[in-house]
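Visitor: Provided herewith: coords-v1.cif, mmCIF, N, CA and C atoms.
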```cif
data_work
loop_
_atom_site.label_atom_id
_atom_site.label_comp_id
_atom_site.auth_asym_id
_atom_site.auth_seq_id
_atom_site.Cartn_x
_atom_site.Cartn_y
_atom_site.Cartn_z
N PRO O 1 -6.58 -38.21 32.70
CA PRO O 1 -6.39 -39.37 31.85
C PRO O 1 -7.29 -39.31 30.63
N GLY O 2 -6.82 -39.89 29.60
CA GLY O 2 -7.62 -39.93 28.39
C GLY O 2 -7.85 -38.56 27.81
N ASN O 3 -9.04 -38.31 27.38
CA ASN O 3 -9.36 -37.03 26.76
C ASN O 3 -10.23 -36.15 27.65
N GLN O 4 -10.06 -36.28 28.93
CA GLN O 4 -10.80 -35.43 29.86
C GLN O 4 -10.24 -34.03 29.84
N PRO O 5 -11.11 -33.02 29.96
CA PRO O 5 -10.61 -31.64 29.96
C PRO O 5 -9.77 -31.36 31.20
N ARG O 6 -8.80 -30.47 31.02
CA ARG O 6 -7.97 -30.05 32.14
C ARG O 6 -8.80 -29.18 33.08
N PRO O 7 -8.56 -29.28 34.37
CA PRO O 7 -9.27 -28.37 35.28
C PRO O 7 -8.84 -26.94 35.02
N GLN O 8 -9.76 -26.03 35.15
CA GLN O 8 -9.48 -24.62 34.92
C GLN O 8 -9.06 -23.96 36.23
N VAL O 9 -7.98 -23.23 36.16
CA VAL O 9 -7.50 -22.49 37.32
C VAL O 9 -8.22 -21.15 37.33
N PRO O 10 -8.81 -20.78 38.46
CA PRO O 10 -9.49 -19.48 38.50
C PRO O 10 -8.52 -18.32 38.31
N ALA O 11 -8.99 -17.28 37.72
CA ALA O 11 -8.18 -16.08 37.54
C ALA O 11 -7.90 -15.45 38.90
N LEU O 12 -6.78 -14.77 38.99
CA LEU O 12 -6.38 -14.14 40.25
C LEU O 12 -7.48 -13.21 40.76
N GLY O 13 -8.12 -12.50 39.85
CA GLY O 13 -9.19 -11.59 40.24
C GLY O 13 -10.38 -12.31 40.86
N GLN O 14 -10.63 -13.55 40.43
CA GLN O 14 -11.72 -14.33 41.00
C GLN O 14 -11.40 -14.78 42.42
N ILE O 15 -10.14 -15.08 42.64
CA ILE O 15 -9.70 -15.51 43.97
C ILE O 15 -9.62 -14.31 44.91
N ASN O 16 -9.07 -13.21 44.41
CA ASN O 16 -8.92 -11.96 45.15
C ASN O 16 -8.35 -12.16 46.56
N PRO O 17 -7.10 -12.64 46.64
CA PRO O 17 -6.52 -12.96 47.95
C PRO O 17 -6.27 -11.72 48.80
N ASP O 18 -6.33 -11.94 50.12
CA ASP O 18 -5.99 -10.88 51.08
C ASP O 18 -4.48 -10.76 51.24
N TYR O 19 -3.77 -11.86 51.02
CA TYR O 19 -2.30 -11.91 51.06
C TYR O 19 -1.85 -12.61 49.78
N LEU O 20 -0.74 -12.15 49.23
CA LEU O 20 -0.24 -12.78 48.01
C LEU O 20 1.27 -12.90 48.12
N PHE O 21 1.76 -14.14 48.00
CA PHE O 21 3.19 -14.41 48.02
C PHE O 21 3.59 -14.77 46.60
N ILE O 22 4.46 -13.97 46.01
CA ILE O 22 4.94 -14.22 44.65
C ILE O 22 6.29 -14.90 44.75
N ILE O 23 6.39 -16.06 44.12
CA ILE O 23 7.64 -16.81 44.10
C ILE O 23 8.15 -16.75 42.67
N ASP O 24 9.26 -16.09 42.48
CA ASP O 24 9.81 -15.88 41.15
C ASP O 24 10.75 -17.02 40.78
N ARG O 25 10.35 -17.82 39.82
CA ARG O 25 11.15 -18.98 39.39
C ARG O 25 12.51 -18.56 38.84
N ALA O 26 12.55 -17.46 38.14
CA ALA O 26 13.81 -17.00 37.53
C ALA O 26 14.88 -16.71 38.58
N THR O 27 14.46 -16.36 39.78
CA THR O 27 15.42 -16.10 40.86
C THR O 27 16.26 -17.35 41.13
N GLY O 28 15.61 -18.49 41.13
CA GLY O 28 16.33 -19.73 41.37
C GLY O 28 17.33 -20.04 40.29
N ILE O 29 17.03 -19.66 39.08
CA ILE O 29 17.91 -19.96 37.96
C ILE O 29 18.98 -18.88 37.79
N LYS O 30 18.59 -17.63 37.84
CA LYS O 30 19.54 -16.52 37.64
C LYS O 30 20.28 -16.14 38.91
N GLY O 31 19.65 -16.40 40.06
CA GLY O 31 20.29 -16.09 41.33
C GLY O 31 20.11 -14.66 41.80
N THR O 32 19.33 -13.86 41.10
CA THR O 32 19.09 -12.47 41.53
C THR O 32 17.60 -12.22 41.64
N MET O 33 17.25 -11.44 42.65
CA MET O 33 15.84 -11.09 42.86
C MET O 33 15.46 -9.96 41.90
N PRO O 34 14.31 -10.09 41.26
CA PRO O 34 13.84 -9.00 40.41
C PRO O 34 13.27 -7.87 41.26
N ASN O 35 13.06 -6.74 40.66
CA ASN O 35 12.33 -5.68 41.35
C ASN O 35 10.89 -6.11 41.50
N LYS O 36 10.35 -5.93 42.66
CA LYS O 36 8.98 -6.33 42.92
C LYS O 36 8.03 -5.68 41.93
N GLU O 37 8.28 -4.42 41.59
CA GLU O 37 7.41 -3.69 40.68
C GLU O 37 7.33 -4.35 39.31
N ASP O 38 8.40 -5.04 38.90
CA ASP O 38 8.41 -5.72 37.61
C ASP O 38 7.46 -6.91 37.59
N LEU O 39 7.09 -7.42 38.74
CA LEU O 39 6.21 -8.58 38.82
C LEU O 39 4.76 -8.21 39.10
N LEU O 40 4.50 -6.94 39.32
CA LEU O 40 3.15 -6.50 39.66
C LEU O 40 2.34 -6.25 38.39
N THR O 41 1.67 -7.28 37.93
CA THR O 41 0.84 -7.18 36.75
C THR O 41 -0.47 -6.47 37.11
N ASP O 42 -1.26 -6.16 36.10
CA ASP O 42 -2.56 -5.54 36.35
C ASP O 42 -3.45 -6.46 37.18
N ASP O 43 -3.33 -7.79 36.96
CA ASP O 43 -4.11 -8.75 37.75
C ASP O 43 -3.73 -8.67 39.22
N VAL O 44 -2.44 -8.58 39.49
CA VAL O 44 -1.98 -8.47 40.88
C VAL O 44 -2.46 -7.17 41.49
N LYS O 45 -2.36 -6.09 40.75
CA LYS O 45 -2.76 -4.77 41.25
C LYS O 45 -4.25 -4.66 41.54
N ALA O 46 -5.04 -5.56 40.96
CA ALA O 46 -6.50 -5.53 41.18
C ALA O 46 -6.91 -6.29 42.43
N THR O 47 -5.97 -6.95 43.11
CA THR O 47 -6.33 -7.78 44.27
C THR O 47 -6.42 -6.95 45.55
N ALA O 48 -7.14 -7.51 46.51
CA ALA O 48 -7.22 -6.90 47.84
C ALA O 48 -5.84 -6.89 48.48
N ALA O 49 -5.03 -7.91 48.20
CA ALA O 49 -3.68 -7.98 48.77
C ALA O 49 -2.85 -6.78 48.34
N PHE O 50 -2.89 -6.45 47.07
CA PHE O 50 -2.11 -5.32 46.57
C PHE O 50 -2.63 -4.01 47.17
N LYS O 51 -3.93 -3.87 47.20
CA LYS O 51 -4.54 -2.63 47.69
C LYS O 51 -4.25 -2.38 49.16
N SER O 52 -3.99 -3.45 49.91
CA SER O 52 -3.68 -3.29 51.34
C SER O 52 -2.19 -3.48 51.63
N GLY O 53 -1.37 -3.55 50.58
CA GLY O 53 0.07 -3.65 50.77
C GLY O 53 0.54 -5.00 51.26
N LYS O 54 -0.19 -6.06 50.95
CA LYS O 54 0.16 -7.40 51.44
C LYS O 54 0.57 -8.33 50.31
N VAL O 55 1.41 -7.81 49.41
CA VAL O 55 2.02 -8.63 48.36
C VAL O 55 3.49 -8.79 48.72
N PHE O 56 3.94 -10.03 48.81
CA PHE O 56 5.29 -10.34 49.25
C PHE O 56 6.03 -11.13 48.19
N LEU O 57 7.28 -10.80 47.98
CA LEU O 57 8.13 -11.48 47.01
C LEU O 57 9.08 -12.42 47.74
N LEU O 58 9.05 -13.69 47.36
CA LEU O 58 9.92 -14.69 47.98
C LEU O 58 10.96 -15.16 46.97
N PRO O 59 12.18 -15.45 47.42
CA PRO O 59 13.21 -15.91 46.50
C PRO O 59 12.89 -17.31 45.97
N GLY O 60 13.01 -17.48 44.68
CA GLY O 60 12.62 -18.73 44.05
C GLY O 60 13.58 -19.88 44.23
N ASN O 61 14.84 -19.58 44.59
CA ASN O 61 15.82 -20.66 44.65
C ASN O 61 15.42 -21.76 45.64
N ILE O 62 14.99 -21.40 46.82
CA ILE O 62 14.66 -22.41 47.82
C ILE O 62 13.32 -23.09 47.50
N TRP O 63 12.47 -22.43 46.74
CA TRP O 63 11.16 -22.99 46.41
C TRP O 63 11.21 -23.89 45.18
N TYR O 64 12.08 -23.58 44.24
CA TYR O 64 12.12 -24.34 42.99
C TYR O 64 13.27 -25.33 42.91
N LEU O 65 14.37 -25.07 43.59
CA LEU O 65 15.56 -25.89 43.40
C LEU O 65 15.90 -26.79 44.58
N SER O 66 15.22 -26.63 45.70
CA SER O 66 15.58 -27.43 46.88
C SER O 66 14.94 -28.81 46.80
N GLY O 67 15.47 -29.70 47.60
CA GLY O 67 14.98 -31.07 47.61
C GLY O 67 13.77 -31.30 48.48
N GLY O 68 13.34 -30.30 49.22
CA GLY O 68 12.15 -30.45 50.05
C GLY O 68 12.42 -31.05 51.41
N GLY O 69 13.67 -31.11 51.82
CA GLY O 69 14.00 -31.65 53.14
C GLY O 69 13.71 -30.66 54.25
N LEU O 70 14.04 -31.05 55.47
CA LEU O 70 13.76 -30.21 56.63
C LEU O 70 14.47 -28.86 56.57
N VAL O 71 15.71 -28.84 56.07
CA VAL O 71 16.44 -27.58 55.98
C VAL O 71 15.73 -26.65 54.99
N SER O 72 15.27 -27.20 53.88
CA SER O 72 14.58 -26.39 52.88
C SER O 72 13.27 -25.84 53.42
N VAL O 73 12.52 -26.69 54.09
CA VAL O 73 11.23 -26.26 54.65
C VAL O 73 11.46 -25.18 55.70
N GLU O 74 12.47 -25.34 56.54
CA GLU O 74 12.78 -24.32 57.55
C GLU O 74 13.11 -22.99 56.88
N LYS O 75 13.88 -23.03 55.79
CA LYS O 75 14.23 -21.81 55.07
C LYS O 75 13.00 -21.18 54.44
N GLN O 76 12.09 -21.98 53.90
CA GLN O 76 10.86 -21.45 53.32
C GLN O 76 10.02 -20.75 54.38
N ILE O 77 9.89 -21.37 55.53
CA ILE O 77 9.13 -20.76 56.62
C ILE O 77 9.80 -19.46 57.08
N THR O 78 11.13 -19.48 57.16
CA THR O 78 11.87 -18.27 57.54
C THR O 78 11.65 -17.16 56.53
N ASP O 79 11.68 -17.48 55.23
CA ASP O 79 11.45 -16.48 54.19
C ASP O 79 10.08 -15.82 54.35
N ILE O 80 9.07 -16.63 54.59
CA ILE O 80 7.71 -16.09 54.79
C ILE O 80 7.67 -15.24 56.05
N GLY O 81 8.24 -15.75 57.13
CA GLY O 81 8.25 -15.01 58.39
C GLY O 81 8.95 -13.67 58.28
N GLU O 82 10.07 -13.63 57.58
CA GLU O 82 10.79 -12.36 57.41
C GLU O 82 9.95 -11.34 56.65
N GLN O 83 9.25 -11.80 55.63
CA GLN O 83 8.39 -10.88 54.87
C GLN O 83 7.27 -10.33 55.75
N LEU O 84 6.66 -11.20 56.54
CA LEU O 84 5.58 -10.76 57.42
C LEU O 84 6.09 -9.83 58.51
N MET O 85 7.29 -10.10 59.03
CA MET O 85 7.86 -9.22 60.04
C MET O 85 8.14 -7.83 59.47
N GLU O 86 8.62 -7.77 58.24
CA GLU O 86 8.86 -6.47 57.59
C GLU O 86 7.55 -5.71 57.44
N TYR O 87 6.47 -6.45 57.22
CA TYR O 87 5.16 -5.81 57.08
C TYR O 87 4.66 -5.29 58.43
N GLY O 88 5.06 -5.94 59.50
CA GLY O 88 4.66 -5.47 60.81
C GLY O 88 4.00 -6.52 61.68
N PHE O 89 3.93 -7.77 61.21
CA PHE O 89 3.39 -8.83 62.05
C PHE O 89 4.40 -9.17 63.11
N LYS O 90 3.94 -9.50 64.29
CA LYS O 90 4.82 -9.87 65.39
C LYS O 90 4.38 -11.16 65.99
#
```
Produce structure tokens that represent the structure in this file.
Guide:
Amino acid sequence: PGNQPRPQVPALGQINPDYLFIIDRATGIKGTMPNKEDLLTDDVKATAAFKSGKVFLLPGNIWYLSGGGLVSVEKQITDIGEQLMEYGFK
């Protein structure tokens, strides 16, 4: 409110996540998944997640265009679970 400064979001390198889920907004609009390599910026490549192969791409349609109901949440959880299963989590 007023003229207060906006909070600063830390850079990805400062956070350095062990797991990284990339949700591509354009997927929801265009309806096609991009190549994962096209989304791997230098910032992403510098993370522990990238170095250990734990960067996952999720389809943006259910994350950006859904109404947030139970069906949408179930689909979001399924999307994450499928990515983790492909990685080898059981």
Visitor: How far is it from atom N of Ala46 (chain O) to CA of Gln14 (chain O), in Å with one decimal?
Guide: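 Interatomic distance, atom N of Ala46 (chain O) to CA of Gln14 (chain O): 11.0 Å.
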Visitor: Based on the backbone DSSP call, show me all residues of chain O assigned strand (DSSP E or B), as a PyMOL selection string.
Guide: chain O and resi 20-24+55-59
Visitor: List the residues selected by the PyMOL selection byres (((chain O and resi 53-58 and name CA) around 9) and name CA) in the file shown, writing them as an MDAnalysis selection string.
Guide: chainID O and resid 18:24 33 36 39 44 48:52 59:60 63 76 79:80 83:84 87
Visitor: Take the residues just selected and output them with N, CA and C atoms as a PDB file, keeping the file's coordinate frame.
Guide:
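Dumped everything to selection_2.pdb:
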```
ATOM      1  N   ASP O  18      -6.330 -11.940  50.120  1.00  0.00           N
ATOM      2  CA  ASP O  18      -5.990 -10.880  51.080  1.00  0.00           C
ATOM      3  C   ASP O  18      -4.480 -10.760  51.240  1.00  0.00           C
ATOM      4  N   TYR O  19      -3.770 -11.860  51.020  1.00  0.00           N
ATOM      5  CA  TYR O  19      -2.300 -11.910  51.060  1.00  0.00           C
ATOM      6  C   TYR O  19      -1.850 -12.610  49.780  1.00  0.00           C
ATOM      7  N   LEU O  20      -0.740 -12.150  49.230  1.00  0.00           N
ATOM      8  CA  LEU O  20      -0.240 -12.780  48.010  1.00  0.00           C
ATOM      9  C   LEU O  20       1.270 -12.900  48.120  1.00  0.00           C
ATOM     10  N   PHE O  21       1.760 -14.140  48.000  1.00  0.00           N
ATOM     11  CA  PHE O  21       3.190 -14.410  48.020  1.00  0.00           C
ATOM     12  C   PHE O  21       3.590 -14.770  46.600  1.00  0.00           C
ATOM     13  N   ILE O  22       4.460 -13.970  46.010  1.00  0.00           N
ATOM     14  CA  ILE O  22       4.940 -14.220  44.650  1.00  0.00           C
ATOM     15  C   ILE O  22       6.290 -14.900  44.750  1.00  0.00           C
ATOM     16  N   ILE O  23       6.390 -16.060  44.120  1.00  0.00           N
ATOM     17  CA  ILE O  23       7.640 -16.810  44.100  1.00  0.00           C
ATOM     18  C   ILE O  23       8.150 -16.750  42.670  1.00  0.00           C
ATOM     19  N   ASP O  24       9.260 -16.090  42.480  1.00  0.00           N
ATOM     20  CA  ASP O  24       9.810 -15.880  41.150  1.00  0.00           C
ATOM     21  C   ASP O  24      10.750 -17.020  40.780  1.00  0.00           C
ATOM     22  N   MET O  33      17.250 -11.440  42.650  1.00  0.00           N
ATOM     23  CA  MET O  33      15.840 -11.090  42.860  1.00  0.00           C
ATOM     24  C   MET O  33      15.460  -9.960  41.900  1.00  0.00           C
ATOM     25  N   LYS O  36      10.350  -5.930  42.660  1.00  0.00           N
ATOM     26  CA  LYS O  36       8.980  -6.330  42.920  1.00  0.00           C
ATOM     27  C   LYS O  36       8.030  -5.680  41.930  1.00  0.00           C
ATOM     28  N   LEU O  39       7.090  -7.420  38.740  1.00  0.00           N
ATOM     29  CA  LEU O  39       6.210  -8.580  38.820  1.00  0.00           C
ATOM     30  C   LEU O  39       4.760  -8.210  39.100  1.00  0.00           C
ATOM     31  N   VAL O  44      -2.440  -8.580  39.490  1.00  0.00           N
ATOM     32  CA  VAL O  44      -1.980  -8.470  40.880  1.00  0.00           C
ATOM     33  C   VAL O  44      -2.460  -7.170  41.490  1.00  0.00           C
ATOM     34  N   ALA O  48      -7.140  -7.510  46.510  1.00  0.00           N
ATOM     35  CA  ALA O  48      -7.220  -6.900  47.840  1.00  0.00           C
ATOM     36  C   ALA O  48      -5.840  -6.890  48.480  1.00  0.00           C
ATOM     37  N   ALA O  49      -5.030  -7.910  48.200  1.00  0.00           N
ATOM     38  CA  ALA O  49      -3.680  -7.980  48.770  1.00  0.00           C
ATOM     39  C   ALA O  49      -2.850  -6.780  48.340  1.00  0.00           C
ATOM     40  N   PHE O  50      -2.890  -6.450  47.070  1.00  0.00           N
ATOM     41  CA  PHE O  50      -2.110  -5.320  46.570  1.00  0.00           C
ATOM     42  C   PHE O  50      -2.630  -4.010  47.170  1.00  0.00           C
ATOM     43  N   LYS O  51      -3.930  -3.870  47.200  1.00  0.00           N
ATOM     44  CA  LYS O  51      -4.540  -2.630  47.690  1.00  0.00           C
ATOM     45  C   LYS O  51      -4.250  -2.380  49.160  1.00  0.00           C
ATOM     46  N   SER O  52      -3.990  -3.450  49.910  1.00  0.00           N
ATOM     47  CA  SER O  52      -3.680  -3.290  51.340  1.00  0.00           C
ATOM     48  C   SER O  52      -2.190  -3.480  51.630  1.00  0.00           C
ATOM     49  N   PRO O  59      12.180 -15.450  47.420  1.00  0.00           N
ATOM     50  CA  PRO O  59      13.210 -15.910  46.500  1.00  0.00           C
ATOM     51  C   PRO O  59      12.890 -17.310  45.970  1.00  0.00           C
ATOM     52  N   GLY O  60      13.010 -17.480  44.680  1.00  0.00           N
ATOM     53  CA  GLY O  60      12.620 -18.730  44.050  1.00  0.00           C
ATOM     54  C   GLY O  60      13.580 -19.880  44.230  1.00  0.00           C
ATOM     55  N   TRP O  63      12.470 -22.430  46.740  1.00  0.00           N
ATOM     56  CA  TRP O  63      11.160 -22.990  46.410  1.00  0.00           C
ATOM     57  C   TRP O  63      11.210 -23.890  45.180  1.00  0.00           C
ATOM     58  N   GLN O  76      12.090 -21.980  53.900  1.00  0.00           N
ATOM     59  CA  GLN O  76      10.860 -21.450  53.320  1.00  0.00           C
ATOM     60  C   GLN O  76      10.020 -20.750  54.380  1.00  0.00           C
ATOM     61  N   ASP O  79      11.680 -17.480  55.230  1.00  0.00           N
ATOM     62  CA  ASP O  79      11.450 -16.480  54.190  1.00  0.00           C
ATOM     63  C   ASP O  79      10.080 -15.820  54.350  1.00  0.00           C
ATOM     64  N   ILE O  80       9.070 -16.630  54.590  1.00  0.00           N
ATOM     65  CA  ILE O  80       7.710 -16.090  54.790  1.00  0.00           C
ATOM     66  C   ILE O  80       7.670 -15.240  56.050  1.00  0.00           C
ATOM     67  N   GLN O  83       9.250 -11.800  55.630  1.00  0.00           N
ATOM     68  CA  GLN O  83       8.390 -10.880  54.870  1.00  0.00           C
ATOM     69  C   GLN O  83       7.270 -10.330  55.750  1.00  0.00           C
ATOM     70  N   LEU O  84       6.660 -11.200  56.540  1.00  0.00           N
ATOM     71  CA  LEU O  84       5.580 -10.760  57.420  1.00  0.00           C
ATOM     72  C   LEU O  84       6.090  -9.830  58.510  1.00  0.00           C
ATOM     73  N   TYR O  87       6.470  -6.450  57.220  1.00  0.00           N
ATOM     74  CA  TYR O  87       5.160  -5.810  57.080  1.00  0.00           C
ATOM     75  C   TYR O  87       4.660  -5.290  58.430  1.00  0.00           C
TER      76      TYR O  87
END
```
Visitor: How far is it from CA of Gly81 (chain O) to CA of Pro17 (chain O), in Å with one decimal?
Guide: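 Computing the Euclidean distance for CA of Gly81 (chain O) and CA of Pro17 (chain O) yields 18.2 Å.
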Visitor: Step one, run DSSP on the backbone; step two, keep only residues of chain O assigned to helix (DSSP H, G or I); then write them as a ChimeraX atom specification.
Guide: /O:12-15,25-30,36-39,42-45,48-51,60-64,70-87
Visitor: Neighbours of Ile15 (chain O) within 8 Å (all atoms listed in the file; same-chain residues fewer than 4 positions away dropped), as a list in words?
Guide: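 Non-adjacent residues within range: Pro10, Ala11, Thr47 and Ala48 of chain O.
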Visitor: Kindly complete region 21-32 of chain O to all heavy atoms; the output should be written as an mmCIF file, in the frame of the given file.
Guide:
```cif
data_model
loop_
_atom_site.group_PDB
_atom_site.id
_atom_site.type_symbol
_atom_site.label_atom_id
_atom_site.label_comp_id
_atom_site.auth_asym_id
_atom_site.auth_seq_id
_atom_site.Cartn_x
_atom_site.Cartn_y
_atom_site.Cartn_z
ATOM 1 N N PHE O 21 1.760 -14.140 48.000
ATOM 2 C CA PHE O 21 3.190 -14.410 48.020
ATOM 3 C C PHE O 21 3.590 -14.770 46.600
ATOM 4 O O PHE O 21 3.107 -15.752 46.042
ATOM 5 C CB PHE O 21 3.508 -15.559 48.979
ATOM 6 C CG PHE O 21 3.245 -15.212 50.415
ATOM 7 C CD1 PHE O 21 2.004 -15.441 50.988
ATOM 8 C CD2 PHE O 21 4.239 -14.645 51.187
ATOM 9 C CE1 PHE O 21 1.756 -15.113 52.307
ATOM 10 C CE2 PHE O 21 4.008 -14.310 52.513
ATOM 11 C CZ PHE O 21 2.761 -14.542 53.071
ATOM 12 N N ILE O 22 4.460 -13.970 46.010
ATOM 13 C CA ILE O 22 4.940 -14.220 44.650
ATOM 14 C C ILE O 22 6.290 -14.900 44.750
ATOM 15 O O ILE O 22 7.214 -14.386 45.386
ATOM 16 C CB ILE O 22 5.064 -12.899 43.864
ATOM 17 C CG1 ILE O 22 3.697 -12.228 43.738
ATOM 18 C CG2 ILE O 22 5.689 -13.157 42.499
ATOM 19 C CD1 ILE O 22 3.749 -10.851 43.094
ATOM 20 N N ILE O 23 6.390 -16.060 44.120
ATOM 21 C CA ILE O 23 7.640 -16.810 44.100
ATOM 22 C C ILE O 23 8.150 -16.750 42.670
ATOM 23 O O ILE O 23 7.550 -17.298 41.758
ATOM 24 C CB ILE O 23 7.430 -18.262 44.553
ATOM 25 C CG1 ILE O 23 6.798 -18.286 45.948
ATOM 26 C CG2 ILE O 23 8.745 -19.017 44.541
ATOM 27 C CD1 ILE O 23 6.316 -19.647 46.389
ATOM 28 N N ASP O 24 9.260 -16.090 42.480
ATOM 29 C CA ASP O 24 9.810 -15.880 41.150
ATOM 30 C C ASP O 24 10.750 -17.020 40.780
ATOM 31 O O ASP O 24 11.814 -17.171 41.365
ATOM 32 C CB ASP O 24 10.544 -14.542 41.082
ATOM 33 C CG ASP O 24 11.106 -14.281 39.716
ATOM 34 O OD1 ASP O 24 10.336 -14.327 38.736
ATOM 35 O OD2 ASP O 24 12.320 -14.036 39.618
ATOM 36 N N ARG O 25 10.350 -17.820 39.820
ATOM 37 C CA ARG O 25 11.150 -18.980 39.390
ATOM 38 C C ARG O 25 12.510 -18.560 38.840
ATOM 39 O O ARG O 25 13.514 -19.232 39.054
ATOM 40 C CB ARG O 25 10.376 -19.769 38.346
ATOM 41 C CG ARG O 25 11.074 -21.020 37.910
ATOM 42 C CD ARG O 25 10.181 -21.788 36.938
ATOM 43 N NE ARG O 25 10.837 -22.990 36.491
ATOM 44 C CZ ARG O 25 11.592 -23.072 35.402
ATOM 45 N NH1 ARG O 25 11.783 -22.002 34.652
ATOM 46 N NH2 ARG O 25 12.141 -24.216 35.068
ATOM 47 N N ALA O 26 12.550 -17.460 38.140
ATOM 48 C CA ALA O 26 13.810 -17.000 37.530
ATOM 49 C C ALA O 26 14.880 -16.710 38.580
ATOM 50 O O ALA O 26 16.064 -16.838 38.314
ATOM 51 C CB ALA O 26 13.565 -15.775 36.673
ATOM 52 N N THR O 27 14.460 -16.360 39.780
ATOM 53 C CA THR O 27 15.420 -16.100 40.860
ATOM 54 C C THR O 27 16.260 -17.350 41.130
ATOM 55 O O THR O 27 17.459 -17.266 41.336
ATOM 56 C CB THR O 27 14.689 -15.691 42.153
ATOM 57 O OG1 THR O 27 13.902 -14.563 41.897
ATOM 58 C CG2 THR O 27 15.657 -15.376 43.266
ATOM 59 N N GLY O 28 15.610 -18.490 41.130
ATOM 60 C CA GLY O 28 16.330 -19.730 41.370
ATOM 61 C C GLY O 28 17.330 -20.040 40.290
ATOM 62 O O GLY O 28 18.381 -20.624 40.545
ATOM 63 N N ILE O 29 17.030 -19.660 39.080
ATOM 64 C CA ILE O 29 17.910 -19.960 37.960
ATOM 65 C C ILE O 29 18.980 -18.880 37.790
ATOM 66 O O ILE O 29 20.163 -19.185 37.649
ATOM 67 C CB ILE O 29 17.075 -20.102 36.674
ATOM 68 C CG1 ILE O 29 16.121 -21.298 36.840
ATOM 69 C CG2 ILE O 29 17.947 -20.262 35.447
ATOM 70 C CD1 ILE O 29 15.015 -21.365 35.842
ATOM 71 N N LYS O 30 18.590 -17.630 37.840
ATOM 72 C CA LYS O 30 19.540 -16.520 37.640
ATOM 73 C C LYS O 30 20.280 -16.140 38.910
ATOM 74 O O LYS O 30 21.346 -15.565 38.862
ATOM 75 C CB LYS O 30 18.801 -15.298 37.099
ATOM 76 C CG LYS O 30 18.197 -15.506 35.731
ATOM 77 C CD LYS O 30 17.450 -14.272 35.295
ATOM 78 C CE LYS O 30 16.760 -14.483 33.961
ATOM 79 N NZ LYS O 30 15.950 -13.332 33.585
ATOM 80 N N GLY O 31 19.650 -16.400 40.060
ATOM 81 C CA GLY O 31 20.290 -16.090 41.330
ATOM 82 C C GLY O 31 20.110 -14.660 41.800
ATOM 83 O O GLY O 31 20.693 -14.267 42.800
ATOM 84 N N THR O 32 19.330 -13.860 41.100
ATOM 85 C CA THR O 32 19.090 -12.470 41.530
ATOM 86 C C THR O 32 17.600 -12.220 41.640
ATOM 87 O O THR O 32 16.808 -12.725 40.855
ATOM 88 C CB THR O 32 19.688 -11.468 40.522
ATOM 89 O OG1 THR O 32 19.108 -11.699 39.233
ATOM 90 C CG2 THR O 32 21.197 -11.615 40.436
#
```
